[in-house]
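Engineer: To be precise about what I am sending: the file is called structure_33.cif and holds mmCIF, C-alpha atoms and all ligand atoms.
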```cif
data_protein
#
loop_
_atom_site.label_atom_id
_atom_site.label_comp_id
_atom_site.auth_asym_id
_atom_site.auth_seq_id
_atom_site.Cartn_x
_atom_site.Cartn_y
_atom_site.Cartn_z
CA MET A 1 86.14 97.98 91.56
CA SER A 2 87.77 99.38 88.48
CA GLU A 3 90.44 101.94 88.37
CA SER A 4 89.95 105.35 86.92
CA PRO A 5 92.20 106.27 84.04
CA ALA A 6 92.16 109.81 85.28
CA GLU A 7 94.77 109.08 87.88
CA SER A 8 98.04 107.34 87.68
CA THR A 9 98.11 104.33 89.81
CA GLN A 10 101.03 102.89 91.65
CA ASP A 11 103.01 99.80 91.70
CA ILE A 12 103.20 97.55 94.70
CA LYS A 13 106.85 97.16 94.10
CA ASN A 14 107.53 100.09 91.91
CA ASP A 15 105.25 102.91 92.68
CA THR A 16 105.54 105.87 90.47
CA PRO A 17 102.91 108.47 89.99
CA THR A 18 103.32 109.25 86.34
CA GLN A 19 101.07 110.36 83.56
CA THR A 20 100.57 106.77 82.63
CA PRO A 21 98.65 104.01 84.35
CA LEU A 22 100.19 102.65 87.48
CA GLU A 23 101.20 99.13 87.78
CA ILE A 24 101.51 96.82 90.67
CA GLU A 25 104.54 94.80 89.98
CA ILE A 26 104.62 91.89 92.26
CA GLU A 27 106.92 89.04 92.83
CA ILE A 28 105.42 86.97 90.11
CA VAL A 29 107.12 89.28 87.72
CA SER A 30 110.38 88.47 89.36
CA GLU A 31 109.55 84.83 89.02
CA GLU A 32 109.23 85.37 85.34
CA GLU A 33 112.55 87.04 85.26
CA MET A 34 114.09 84.24 87.20
CA ALA A 35 112.43 81.73 84.91
CA LEU A 36 114.37 83.35 82.13
CA ILE A 37 117.50 82.95 84.14
CA ASP A 38 116.57 79.36 84.87
CA ALA A 39 116.06 78.70 81.21
CA ALA A 40 119.36 80.34 80.38
CA LEU A 41 121.06 78.35 83.06
CA ALA A 42 119.49 75.16 81.87
CA THR A 43 120.90 75.85 78.44
CA ALA A 44 124.18 76.89 79.96
CA THR A 45 124.37 73.69 81.94
CA ARG A 46 123.65 71.63 78.89
CA CYS A 47 126.24 73.50 76.89
CA SER A 48 128.69 73.21 79.72
CA GLN A 49 128.15 69.49 79.88
CA LEU A 50 128.54 69.23 76.15
CA SER A 51 131.64 71.25 76.22
CA SER A 52 133.27 69.40 78.98
CA SER A 53 132.52 66.36 77.14
CA SER A 54 132.69 68.60 74.27
CA ALA A 55 130.96 72.91 77.19
CA ILE A 56 95.32 93.11 97.43
CA SER A 57 98.31 88.64 93.06
CA ALA A 58 100.08 89.37 89.74
CA THR A 59 97.68 90.61 87.28
CA SER A 60 98.15 92.59 84.18
CA CYS A 61 96.19 95.64 84.87
CA PHE A 62 94.76 98.54 83.05
CA PRO A 63 93.71 101.95 84.19
CA SER A 64 90.06 101.19 83.73
CA SER A 65 89.97 98.37 86.20
CA GLN A 66 91.28 97.23 89.49
CA LEU A 67 91.07 93.90 91.15
CA LEU A 68 89.81 93.24 94.60
CA GLN A 69 90.35 89.73 95.84
CA ARG A 70 87.32 88.52 97.69
CA ASN A 71 86.42 85.39 99.43
CA VAL A 72 83.80 83.43 97.62
CA ARG A 73 81.96 82.93 100.85
CA SER A 74 80.14 85.67 102.72
CA ILE A 75 82.30 88.06 104.67
CA GLN A 76 81.26 87.29 108.18
CA SER A 77 84.41 86.43 110.04
CA ILE A 78 88.02 87.38 110.15
CA THR A 79 88.81 84.11 108.44
CA LEU A 80 86.77 85.10 105.51
CA LEU A 81 87.81 88.70 105.64
CA ALA A 82 91.39 87.62 105.52
CA LYS A 83 90.81 86.04 102.15
CA ARG A 84 89.73 89.29 100.61
CA ARG A 85 92.59 91.22 99.20
CA LEU A 86 92.80 94.25 97.04
CA SER A 87 95.47 93.60 94.56
CA GLY A 88 96.85 95.87 92.01
CA ILE A 89 96.39 96.73 88.54
CA CYS A 90 99.19 96.64 86.13
CA GLY A 91 99.33 98.68 83.06
CA PRO A 92 101.94 98.24 80.47
CA ASP A 93 105.46 98.05 81.81
CA GLU A 94 106.78 101.31 82.97
CA PRO A 95 107.03 103.58 79.97
CA ASP A 96 110.13 105.14 81.41
CA ILE A 97 111.84 101.80 81.06
CA GLU A 98 110.21 100.41 77.98
CA ASP A 99 110.34 103.54 75.94
CA SER A 100 113.95 103.47 74.91
CA GLY A 101 113.39 106.30 72.47
CA HIS A 102 112.30 108.49 75.31
CA PHE A 103 115.35 107.38 77.20
CA ALA A 104 117.64 108.29 74.41
CA MET A 105 116.50 111.88 74.72
CA THR A 106 116.17 112.14 78.44
CA GLN A 107 119.43 110.41 79.07
CA LYS A 108 121.30 113.25 77.48
CA ARG A 109 119.40 115.83 79.45
CA ASN A 110 119.73 113.98 82.72
CA ARG A 111 123.19 112.66 82.22
CA VAL A 112 124.60 115.00 84.75
CA ALA A 113 123.83 113.81 88.07
CA LYS A 114 120.75 111.80 88.51
CA SER A 115 121.16 108.42 90.07
CA PHE A 116 119.16 105.42 88.92
CA LEU A 117 117.11 105.75 92.07
CA GLU A 118 116.20 109.32 91.14
CA ARG A 119 115.65 108.58 87.49
CA PHE A 120 113.72 105.34 87.66
CA ARG A 121 112.33 105.07 91.17
CA LYS A 122 111.36 108.66 91.86
CA ASN A 123 108.24 108.70 94.04
CA ARG A 124 108.33 105.02 93.67
CA ALA A 125 109.54 102.23 95.88
CA LEU A 126 112.45 99.99 95.10
CA SER A 127 111.36 96.39 94.91
CA VAL A 128 112.90 93.22 96.22
CA THR A 129 112.97 92.20 92.56
CA ASP A 130 115.19 95.20 91.90
CA ILE A 131 117.56 94.05 94.62
CA ARG A 132 117.63 90.52 93.22
CA GLY A 133 118.26 91.74 89.71
CA THR A 134 121.03 94.01 90.90
CA GLU A 135 122.66 91.18 92.82
CA TRP A 136 122.49 88.99 89.70
CA CYS A 137 124.44 91.46 87.59
CA GLU A 138 124.51 95.20 88.14
CA LYS A 139 125.44 95.88 84.56
CA GLN A 140 122.49 93.86 83.36
CA MET A 141 120.22 95.80 85.70
CA GLU A 142 121.58 99.01 84.27
CA PHE A 143 120.81 97.81 80.75
CA MET A 144 117.31 96.78 81.78
CA LEU A 145 116.65 100.20 83.25
CA LEU A 146 117.86 101.90 80.13
CA PHE A 147 116.50 99.60 77.46
CA GLY A 148 113.72 97.55 79.05
CA LYS A 149 113.26 94.09 80.45
CA PRO A 150 113.36 90.93 78.37
CA ARG A 151 110.02 89.79 77.03
CA ALA A 152 108.41 86.87 78.82
CA ASN A 153 109.33 83.53 77.34
CA LYS A 154 107.43 80.27 77.69
CA ALA A 155 109.15 79.30 80.93
CA MET A 156 108.28 82.66 82.46
CA LYS A 157 104.66 82.32 81.46
CA VAL A 158 104.44 78.84 82.93
CA GLY A 159 106.02 80.07 86.16
CA HIS A 160 103.60 82.98 86.29
CA ALA A 161 100.61 80.71 85.74
CA ARG A 162 101.76 78.42 88.54
CA HIS A 163 101.92 81.31 90.99
CA VAL A 164 98.50 82.55 89.95
CA LYS A 165 97.13 79.06 90.56
CA LEU A 166 98.71 78.85 93.99
CA GLU A 167 97.29 82.23 94.88
CA GLU A 168 93.83 81.28 93.67
CA GLU A 169 93.84 78.28 95.98
CA VAL A 170 93.44 80.65 98.91
CA ILE A 171 92.15 83.93 97.46
CA THR A 172 89.56 85.07 94.96
CA LYS A 173 89.68 88.42 93.19
CA VAL A 174 87.05 90.98 92.42
CA LYS A 175 87.35 94.32 90.68
CA VAL A 176 87.36 97.60 92.52
CA PRO A 177 87.37 101.05 90.90
CA VAL A 178 89.84 103.61 92.16
CA GLN A 179 89.94 107.30 91.41
CA SER A 180 93.12 108.54 92.98
CA PHE A 181 96.56 107.57 94.15
CA GLU A 182 95.18 107.47 97.65
CA ASP A 183 92.51 104.98 96.60
CA ARG A 184 95.14 102.91 94.97
CA TRP A 185 97.29 102.76 98.06
CA ALA A 186 94.27 102.03 100.24
CA VAL A 187 93.63 98.96 98.14
CA LYS A 188 97.22 97.80 98.51
CA PHE A 189 97.21 98.24 102.27
CA ILE A 190 93.93 96.39 102.68
CA ASN A 191 95.38 93.48 100.72
CA SER A 192 98.32 93.36 103.07
CA ILE A 193 96.06 93.59 106.14
CA ASN A 194 93.82 90.83 104.84
CA GLY A 195 96.83 88.63 104.20
CA ALA A 196 98.08 89.20 107.74
CA ASN A 197 94.66 88.32 109.11
CA GLN A 198 94.42 85.24 106.97
CA LEU A 199 97.79 84.10 108.27
CA LEU A 200 96.68 84.50 111.88
CA SER A 201 93.30 82.88 111.41
CA GLU A 202 94.14 80.09 108.98
CA GLY A 203 97.83 79.59 109.44
CA LEU A 204 98.71 80.34 105.82
CA THR A 205 98.51 83.10 103.27
CA ARG A 206 99.98 83.68 99.81
CA GLU A 207 101.12 86.61 97.71
CA LEU A 208 101.35 88.90 100.71
CA PRO A 209 102.40 92.45 99.79
CA LEU A 210 104.78 94.31 102.10
CA PHE A 211 105.64 98.01 102.09
CA GLY A 212 108.39 99.22 104.33
CA PHE A 213 111.26 101.60 104.85
CA ILE A 214 114.63 99.90 105.09
CA GLU A 215 118.16 101.16 104.66
CA GLY A 216 116.80 104.63 103.98
CA VAL A 217 114.66 103.65 101.00
CA TRP A 218 111.05 102.63 100.50
CA MET A 219 110.88 99.01 99.55
CA VAL A 220 108.06 96.80 98.34
CA GLY A 221 107.86 93.06 98.02
CA VAL A 222 105.34 90.26 97.71
CA ILE A 223 105.93 87.06 99.62
CA ASP A 224 104.88 83.87 97.88
CA GLU A 225 103.75 82.07 101.01
CA ILE A 226 103.83 82.44 104.77
CA GLN A 227 103.04 79.61 107.13
CA MET A 228 102.39 79.74 110.83
CA PRO A 229 104.45 77.14 112.67
CA VAL A 230 102.85 73.84 113.49
CA LYS A 231 104.47 73.53 116.91
CA GLU A 232 102.75 75.47 119.65
CA THR A 233 106.09 76.37 121.16
CA ASP A 234 107.11 78.13 117.98
CA ARG A 235 105.24 81.35 117.17
CA ASN A 236 107.24 82.84 114.32
CA PRO A 237 105.78 82.59 110.80
CA MET A 238 107.96 81.00 108.15
CA ILE A 239 108.55 82.73 104.84
CA VAL A 240 108.50 80.46 101.79
CA ASP A 241 109.27 81.14 98.16
CA VAL A 242 108.30 78.80 95.33
CA LYS A 243 110.56 78.59 92.28
CA THR A 244 109.52 76.69 89.21
CA ARG A 245 112.27 75.07 87.16
CA VAL A 246 112.47 74.13 83.51
CA GLN A 247 115.10 71.53 84.27
CA GLU A 248 114.56 68.67 86.64
CA THR A 249 117.47 69.74 88.79
CA LEU A 250 118.11 72.10 91.64
CA PRO A 251 119.66 75.44 90.67
CA THR A 252 123.28 76.47 90.86
CA GLU A 253 124.76 78.18 93.87
CA SER A 254 124.52 81.63 92.29
CA GLN A 255 120.78 81.19 91.80
CA ARG A 256 120.30 79.86 95.30
CA ARG A 257 122.27 82.79 96.67
CA ASN A 258 119.98 85.14 94.77
CA GLY A 259 116.94 83.37 96.24
CA ARG A 260 118.38 83.52 99.73
CA LEU A 261 118.89 87.25 99.40
CA GLN A 262 115.28 87.66 98.27
CA LEU A 263 113.86 85.83 101.28
CA MET A 264 116.18 87.59 103.69
CA CYS A 265 114.96 90.91 102.31
CA TYR A 266 111.40 89.83 103.06
CA LYS A 267 112.30 88.88 106.59
CA TYR A 268 114.09 92.17 107.10
CA MET A 269 111.03 94.06 105.87
CA TRP A 270 108.68 91.85 107.88
CA ASP A 271 110.54 92.29 111.15
CA ASN A 272 110.72 96.04 110.65
CA LEU A 273 106.97 96.25 110.18
CA ALA A 274 106.24 93.90 113.07
CA ALA A 275 108.42 96.15 115.24
CA GLY A 276 106.24 99.13 114.32
CA ASN A 277 108.78 100.77 112.04
CA PHE A 278 106.61 102.42 109.45
CA PRO A 279 107.31 106.17 109.24
CA SER A 280 103.91 107.19 107.96
CA ARG A 281 104.66 110.90 107.54
CA GLN A 282 107.69 110.09 105.43
CA PHE A 283 105.57 107.65 103.48
CA PHE A 284 102.98 110.28 102.58
CA ASP A 285 105.68 112.77 101.69
CA PHE A 286 107.76 110.41 99.56
CA PHE A 287 104.82 109.19 97.49
CA SER A 288 103.21 112.64 97.37
CA LEU A 289 100.01 111.40 98.97
CA ASN A 290 97.45 113.40 100.89
CA PRO A 291 96.71 111.46 104.07
CA TYR A 292 93.39 113.26 104.50
CA HIS A 293 92.13 112.81 100.98
CA VAL A 294 88.69 111.22 101.22
CA LEU A 295 88.71 107.83 99.56
CA SER A 296 86.23 107.07 96.81
CA GLU A 297 82.87 105.68 97.77
CA GLU A 298 83.66 102.32 96.19
CA VAL A 299 86.92 101.98 98.06
CA ARG A 300 85.31 103.00 101.34
CA GLU A 301 82.51 100.48 100.80
CA ASN A 302 84.93 97.69 100.10
CA THR A 303 87.31 98.47 102.92
CA ALA A 304 84.33 98.67 105.30
CA LYS A 305 83.14 95.28 104.09
CA ALA A 306 86.60 93.96 104.81
CA GLY A 307 86.20 95.15 108.39
CA TYR A 308 88.11 98.44 108.15
CA PRO A 309 85.77 101.42 108.12
CA ALA A 310 87.98 104.20 106.87
CA LYS A 311 87.40 107.60 105.38
CA THR A 312 90.95 108.54 104.42
CA LEU A 313 94.24 106.90 103.51
CA ASP A 314 95.54 107.97 106.90
CA ASP A 315 92.86 105.76 108.49
CA ILE A 316 93.94 102.84 106.32
CA VAL A 317 97.60 103.31 107.18
CA ARG A 318 96.71 103.12 110.86
CA PHE A 319 94.90 99.84 110.25
CA TYR A 320 97.96 98.61 108.37
CA MET A 321 100.33 99.50 111.19
CA ASN A 322 98.01 97.94 113.78
CA ALA A 323 97.74 94.75 111.74
CA TRP A 324 101.51 94.41 111.59
CA ASN A 325 101.84 95.14 115.27
CA MET A 326 99.87 91.97 115.91
CA LEU A 327 102.40 89.85 114.06
CA PRO A 328 105.53 88.36 115.60
CA PRO A 329 108.87 88.56 113.82
CA ALA A 330 109.34 86.08 110.99
CA HIS A 331 111.13 82.83 111.65
CA ASN A 332 114.90 82.87 111.31
CA GLN A 333 114.62 79.79 109.14
CA LEU A 334 113.62 80.53 105.56
CA LEU A 335 112.57 78.12 102.84
CA LEU A 336 113.11 77.98 99.09
CA ARG A 337 110.94 75.36 97.40
CA TYR A 338 111.81 74.21 93.89
CA GLU A 339 109.21 72.66 91.60
CA PHE A 340 109.62 71.01 88.21
CA GLN A 341 107.56 73.01 85.72
CA LYS A 342 106.59 70.01 83.67
CA ASP A 343 104.60 68.17 86.33
CA GLN A 344 104.84 70.46 89.37
CA SER A 345 106.65 67.73 91.28
CA LEU A 346 108.86 68.82 94.15
CA LEU A 347 112.51 68.96 93.17
CA GLY A 348 113.68 69.91 96.61
CA GLU A 349 113.46 72.34 99.47
CA VAL A 350 116.37 74.43 100.69
CA GLU A 351 116.18 75.69 104.24
CA PHE A 352 118.61 78.27 105.47
CA ILE A 353 119.09 80.61 108.36
CA TYR A 354 118.66 84.37 108.17
CA ASP A 355 122.01 86.13 108.12
CA HIS A 356 121.32 89.76 108.90
CA ASP A 357 124.84 91.07 108.36
CA TRP A 358 125.28 89.33 105.02
CA MET A 359 121.88 90.47 103.76
CA LYS A 360 122.43 94.02 104.92
CA SER A 361 125.81 94.27 103.25
CA ARG A 362 124.27 92.98 100.02
CA ILE A 363 121.47 95.51 100.10
CA GLN A 364 123.90 98.31 100.86
CA GLY A 365 126.09 97.20 97.97
CA CYS A 366 123.07 97.25 95.65
CA LEU A 367 122.06 100.68 96.92
CA GLU A 368 125.50 102.08 96.10
CA PHE A 369 124.71 101.24 92.49
CA TRP A 370 121.17 102.64 92.66
CA LYS A 371 122.26 105.83 94.38
CA GLY A 372 124.99 106.46 91.84
CA GLU A 373 127.77 106.18 94.39
CA ARG A 374 129.69 103.98 92.00
CA GLU A 375 129.39 102.55 88.52
CA ALA A 376 127.69 99.26 87.81
CA SER A 377 129.84 96.25 88.53
CA TYR A 378 130.17 93.27 86.23
CA ILE A 379 129.64 89.77 87.42
CA PRO A 380 132.65 87.98 88.87
CA ASP A 381 134.78 85.75 86.70
CA GLU A 382 133.45 82.53 88.20
CA GLU A 383 129.92 83.48 87.11
CA ARG A 384 130.87 84.66 83.67
CA TRP A 385 128.78 81.91 82.11
CA LYS A 386 125.83 84.25 82.65
CA CYS A 387 127.17 86.57 79.96
CA LYS A 388 126.76 83.94 77.28
CA TYR A 389 123.03 84.02 77.80
CA CYS A 390 122.59 87.70 78.52
CA GLN A 391 120.54 89.61 75.97
CA PHE A 392 122.77 92.63 76.44
CA ALA A 393 125.98 90.77 75.72
CA SER A 394 126.33 92.38 72.31
CA VAL A 395 126.57 95.85 73.83
CA CYS A 396 128.18 95.03 77.17
CA PRO A 397 131.75 96.29 77.58
CA ALA A 398 132.55 93.19 79.63
CA ILE A 399 132.37 91.01 76.56
CA GLY A 400 135.53 90.61 74.64
CA LYS A 401 137.75 91.72 77.48
CA PRO A 402 140.00 89.30 79.28
CA GLU A 403 138.41 88.32 82.59
CA SER A 404 141.07 89.86 84.75
CA SER A 405 140.88 93.19 82.92
CA ARG A 406 137.17 93.75 83.42
CA SER A 407 136.62 96.64 85.67
CA PRO A 408 134.92 97.49 87.87
CA SER A 409 134.33 94.04 89.23
CA LYS A 410 132.84 92.52 92.28
CA THR A 411 132.84 89.22 94.01
CA ASN A 412 129.28 88.10 94.35
CA SER A 413 130.26 84.83 95.85
CA ASP A 414 132.10 86.37 98.77
CA SER A 415 130.87 85.48 102.21
CA ILE A 416 127.98 83.39 101.05
CA PRO A 417 125.95 82.14 103.96
CA SER A 418 125.04 78.48 103.89
S1 LIG A 501 127.12 90.49 79.42
FE1 LIG A 501 127.63 89.72 81.47
S2 LIG A 501 128.48 91.46 82.61
FE2 LIG A 501 127.46 92.26 80.75
S3 LIG A 501 125.38 92.74 81.45
FE3 LIG A 501 125.27 90.69 80.65
S4 LIG A 501 125.62 89.34 82.40
FE4 LIG A 501 126.26 91.37 83.02
#
```
What would you get if you wrote out this structure as structure tokens?
Ligand code: SF4

Structural biologist:
Amino acid sequence: MSESPAESTQDIKNDTPTQTPLEIEIEIVSEEEMALIDAALATATRCSQLSSSSAISATSCFPSSQLLQRNVRSIQSITLLAKRRLSGICGPDEPDIEDSGHFAMTQKRNRVAKSFLERFRKNRALSVTDIRGTEWCEKQMEFMLLFGKPRANKAMKVGHARHVKLEEEVITKVKVPVQSFEDRWAVKFINSINGANQLLSEGLTRELPLFGFIEGVWMVGVIDEIQMPVKETDRNPMIVDVKTRVQETLPTESQRRNGRLQLMCYKYMWDNLAAGNFPSRQFFDFFSLNPYHVLSEEVRENTAKAGYPAKTLDDIVRFYMNAWNMLPPAHNQLLLRYEFQKDQSLLGEVEFIYDHDWMKSRIQGCLEFWKGEREASYIPDEERWKCKYCQFASVCPAIGKPESSRSPSKTNSDSIPS
């Protein structure tokens, strides 16, 4: 199917009905961002060494098209159906972020009271990527909201390509036209349902989109990989995230902590959905969707082929909630897998246990920033190396000040779970 330019579409992670094309920003984007961080860290590590000796898949999308992932084989069984996924269409990056000129004007008008959540995620979900970025450095997140994200470098592009390849190993895409926000969301939900079915029938799925309501905000995320346990006595699926690395080393603690937070967010969202916590009325209200809007013929045909005969978005949401009700909670053990970009060899796997209290306090801390309850914090002194490789360093008030005088500050490394 292809998406109609007449309607704004929405973003899997950042859904904003605007006058511009919607995008589905999925975790691959965050991988790109983290690749940048990896690259910066790699350089930082090198410099440090020198100094101490001396210091429905991520697809760029356009309003005229939309991708439906479809199994290459005929759709005759749940196994095959599970491989079909409607994935989103990304337009250019959000104009409200990229268009700094626009910001310059609107910032003055809106200076008074609007929080970042209201300004940049209105009618749009916060993403796990947003949480990760905020945890990395709130001030940097603030700059990115105001002035735009860094452009993709080579390492980001390589990381992106690797994730696309991994996704294509289990899913094939086809285009699907959409004509409304409701169509767009129907496509997203079907992708999530198909991923859940694929997990149950085949024991593995990749690039699984999640939409949920946690800590009072709508949140979206895309999980790299979920595996059903091998042991029959264990029934909880394991969440896995793949990180590609420029350097042939495992990342620093601050990067691992950021990755742990990401996976714990996924588990939190997963368990909420599996427990049936999806307030559908609030969902329709928040995203300004009409639950009874009749979906386009193309969307209805494709969702029916996928095994979900639906007339409206409300029908699709019911299928979504039912699909998640079939799933058990995610495993308490989570896995970060690190690959060397050069040859895709395994650098190492880091397993860790879900720490609900730690994760929740981190999310709440991030939300204080997003809700405007306090100003952006700077990174703690022990992670100040990040500033040397931050593209906003030239305008950041933290630079040039003695470490102890930087305020406000936070201690990211506090209470880090193992
Ligand atoms: S210079 Fe440092 S404190 Fe300022 S935004 Fe960049 S990383 Fe954050």

Engineer: Could you report the residues within 10 Å of ligand LIG 501 (chain A), using only C-alpha atoms and all ligand atoms, as an MDAnalysis selection string?

Structural biologist: chainID A and resid 134 136:144 376:381 383:400 406 409

Engineer: Please, could you write that set of residues out with C-alpha atoms as a PDB file, keeping the file's coordinate frame?

Structural biologist:
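Generated output (part15.pdb):
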```pdb
ATOM      1  CA  THR A 134     121.030  94.010  90.900  1.00  0.00           C
ATOM      2  CA  TRP A 136     122.490  88.990  89.700  1.00  0.00           C
ATOM      3  CA  CYS A 137     124.440  91.460  87.590  1.00  0.00           C
ATOM      4  CA  GLU A 138     124.510  95.200  88.140  1.00  0.00           C
ATOM      5  CA  LYS A 139     125.440  95.880  84.560  1.00  0.00           C
ATOM      6  CA  GLN A 140     122.490  93.860  83.360  1.00  0.00           C
ATOM      7  CA  MET A 141     120.220  95.800  85.700  1.00  0.00           C
ATOM      8  CA  GLU A 142     121.580  99.010  84.270  1.00  0.00           C
ATOM      9  CA  PHE A 143     120.810  97.810  80.750  1.00  0.00           C
ATOM     10  CA  MET A 144     117.310  96.780  81.780  1.00  0.00           C
ATOM     11  CA  ALA A 376     127.690  99.260  87.810  1.00  0.00           C
ATOM     12  CA  SER A 377     129.840  96.250  88.530  1.00  0.00           C
ATOM     13  CA  TYR A 378     130.170  93.270  86.230  1.00  0.00           C
ATOM     14  CA  ILE A 379     129.640  89.770  87.420  1.00  0.00           C
ATOM     15  CA  PRO A 380     132.650  87.980  88.870  1.00  0.00           C
ATOM     16  CA  ASP A 381     134.780  85.750  86.700  1.00  0.00           C
ATOM     17  CA  GLU A 383     129.920  83.480  87.110  1.00  0.00           C
ATOM     18  CA  ARG A 384     130.870  84.660  83.670  1.00  0.00           C
ATOM     19  CA  TRP A 385     128.780  81.910  82.110  1.00  0.00           C
ATOM     20  CA  LYS A 386     125.830  84.250  82.650  1.00  0.00           C
ATOM     21  CA  CYS A 387     127.170  86.570  79.960  1.00  0.00           C
ATOM     22  CA  LYS A 388     126.760  83.940  77.280  1.00  0.00           C
ATOM     23  CA  TYR A 389     123.030  84.020  77.800  1.00  0.00           C
ATOM     24  CA  CYS A 390     122.590  87.700  78.520  1.00  0.00           C
ATOM     25  CA  GLN A 391     120.540  89.610  75.970  1.00  0.00           C
ATOM     26  CA  PHE A 392     122.770  92.630  76.440  1.00  0.00           C
ATOM     27  CA  ALA A 393     125.980  90.770  75.720  1.00  0.00           C
ATOM     28  CA  SER A 394     126.330  92.380  72.310  1.00  0.00           C
ATOM     29  CA  VAL A 395     126.570  95.850  73.830  1.00  0.00           C
ATOM     30  CA  CYS A 396     128.180  95.030  77.170  1.00  0.00           C
ATOM     31  CA  PRO A 397     131.750  96.290  77.580  1.00  0.00           C
ATOM     32  CA  ALA A 398     132.550  93.190  79.630  1.00  0.00           C
ATOM     33  CA  ILE A 399     132.370  91.010  76.560  1.00  0.00           C
ATOM     34  CA  GLY A 400     135.530  90.610  74.640  1.00  0.00           C
ATOM     35  CA  ARG A 406     137.170  93.750  83.420  1.00  0.00           C
ATOM     36  CA  SER A 409     134.330  94.040  89.230  1.00  0.00           C
TER      37      SER A 409
END
```

Engineer: What's around A:Leu199 at 8 Å? Count all atoms listed in the file, leave out sequence neighbours fewer than 3 positions away in its own chain, and write the answer as a PDB file with C-alpha atoms, keeping the file's coordinate frame.

Structural biologist:
```pdb
ATOM      1  CA  ALA A  82      91.390  87.620 105.520  1.00  0.00           C
ATOM      2  CA  GLY A 195      96.830  88.630 104.200  1.00  0.00           C
ATOM      3  CA  ALA A 196      98.080  89.200 107.740  1.00  0.00           C
ATOM      4  CA  GLU A 202      94.140  80.090 108.980  1.00  0.00           C
ATOM      5  CA  GLY A 203      97.830  79.590 109.440  1.00  0.00           C
ATOM      6  CA  LEU A 204      98.710  80.340 105.820  1.00  0.00           C
ATOM      7  CA  THR A 205      98.510  83.100 103.270  1.00  0.00           C
ATOM      8  CA  ILE A 226     103.830  82.440 104.770  1.00  0.00           C
ATOM      9  CA  GLN A 227     103.040  79.610 107.130  1.00  0.00           C
ATOM     10  CA  MET A 228     102.390  79.740 110.830  1.00  0.00           C
TER      11      MET A 228
END
```

Engineer: Pick out the closest residue to A:Leu166 from this set: A:Lys243, A:Val220, A:Gln262, A:Met238. Count all atoms listed in the file.

Structural biologist: A:Lys243

Engineer: Find the residues around stretch 365-370 of chain A up to 7 Å (all atoms listed in the file counted), leave out those fewer than 6 positions away in its own chain, and share them as a ChimeraX atom specification.

Structural biologist: /A:115-117,131,134-135,376
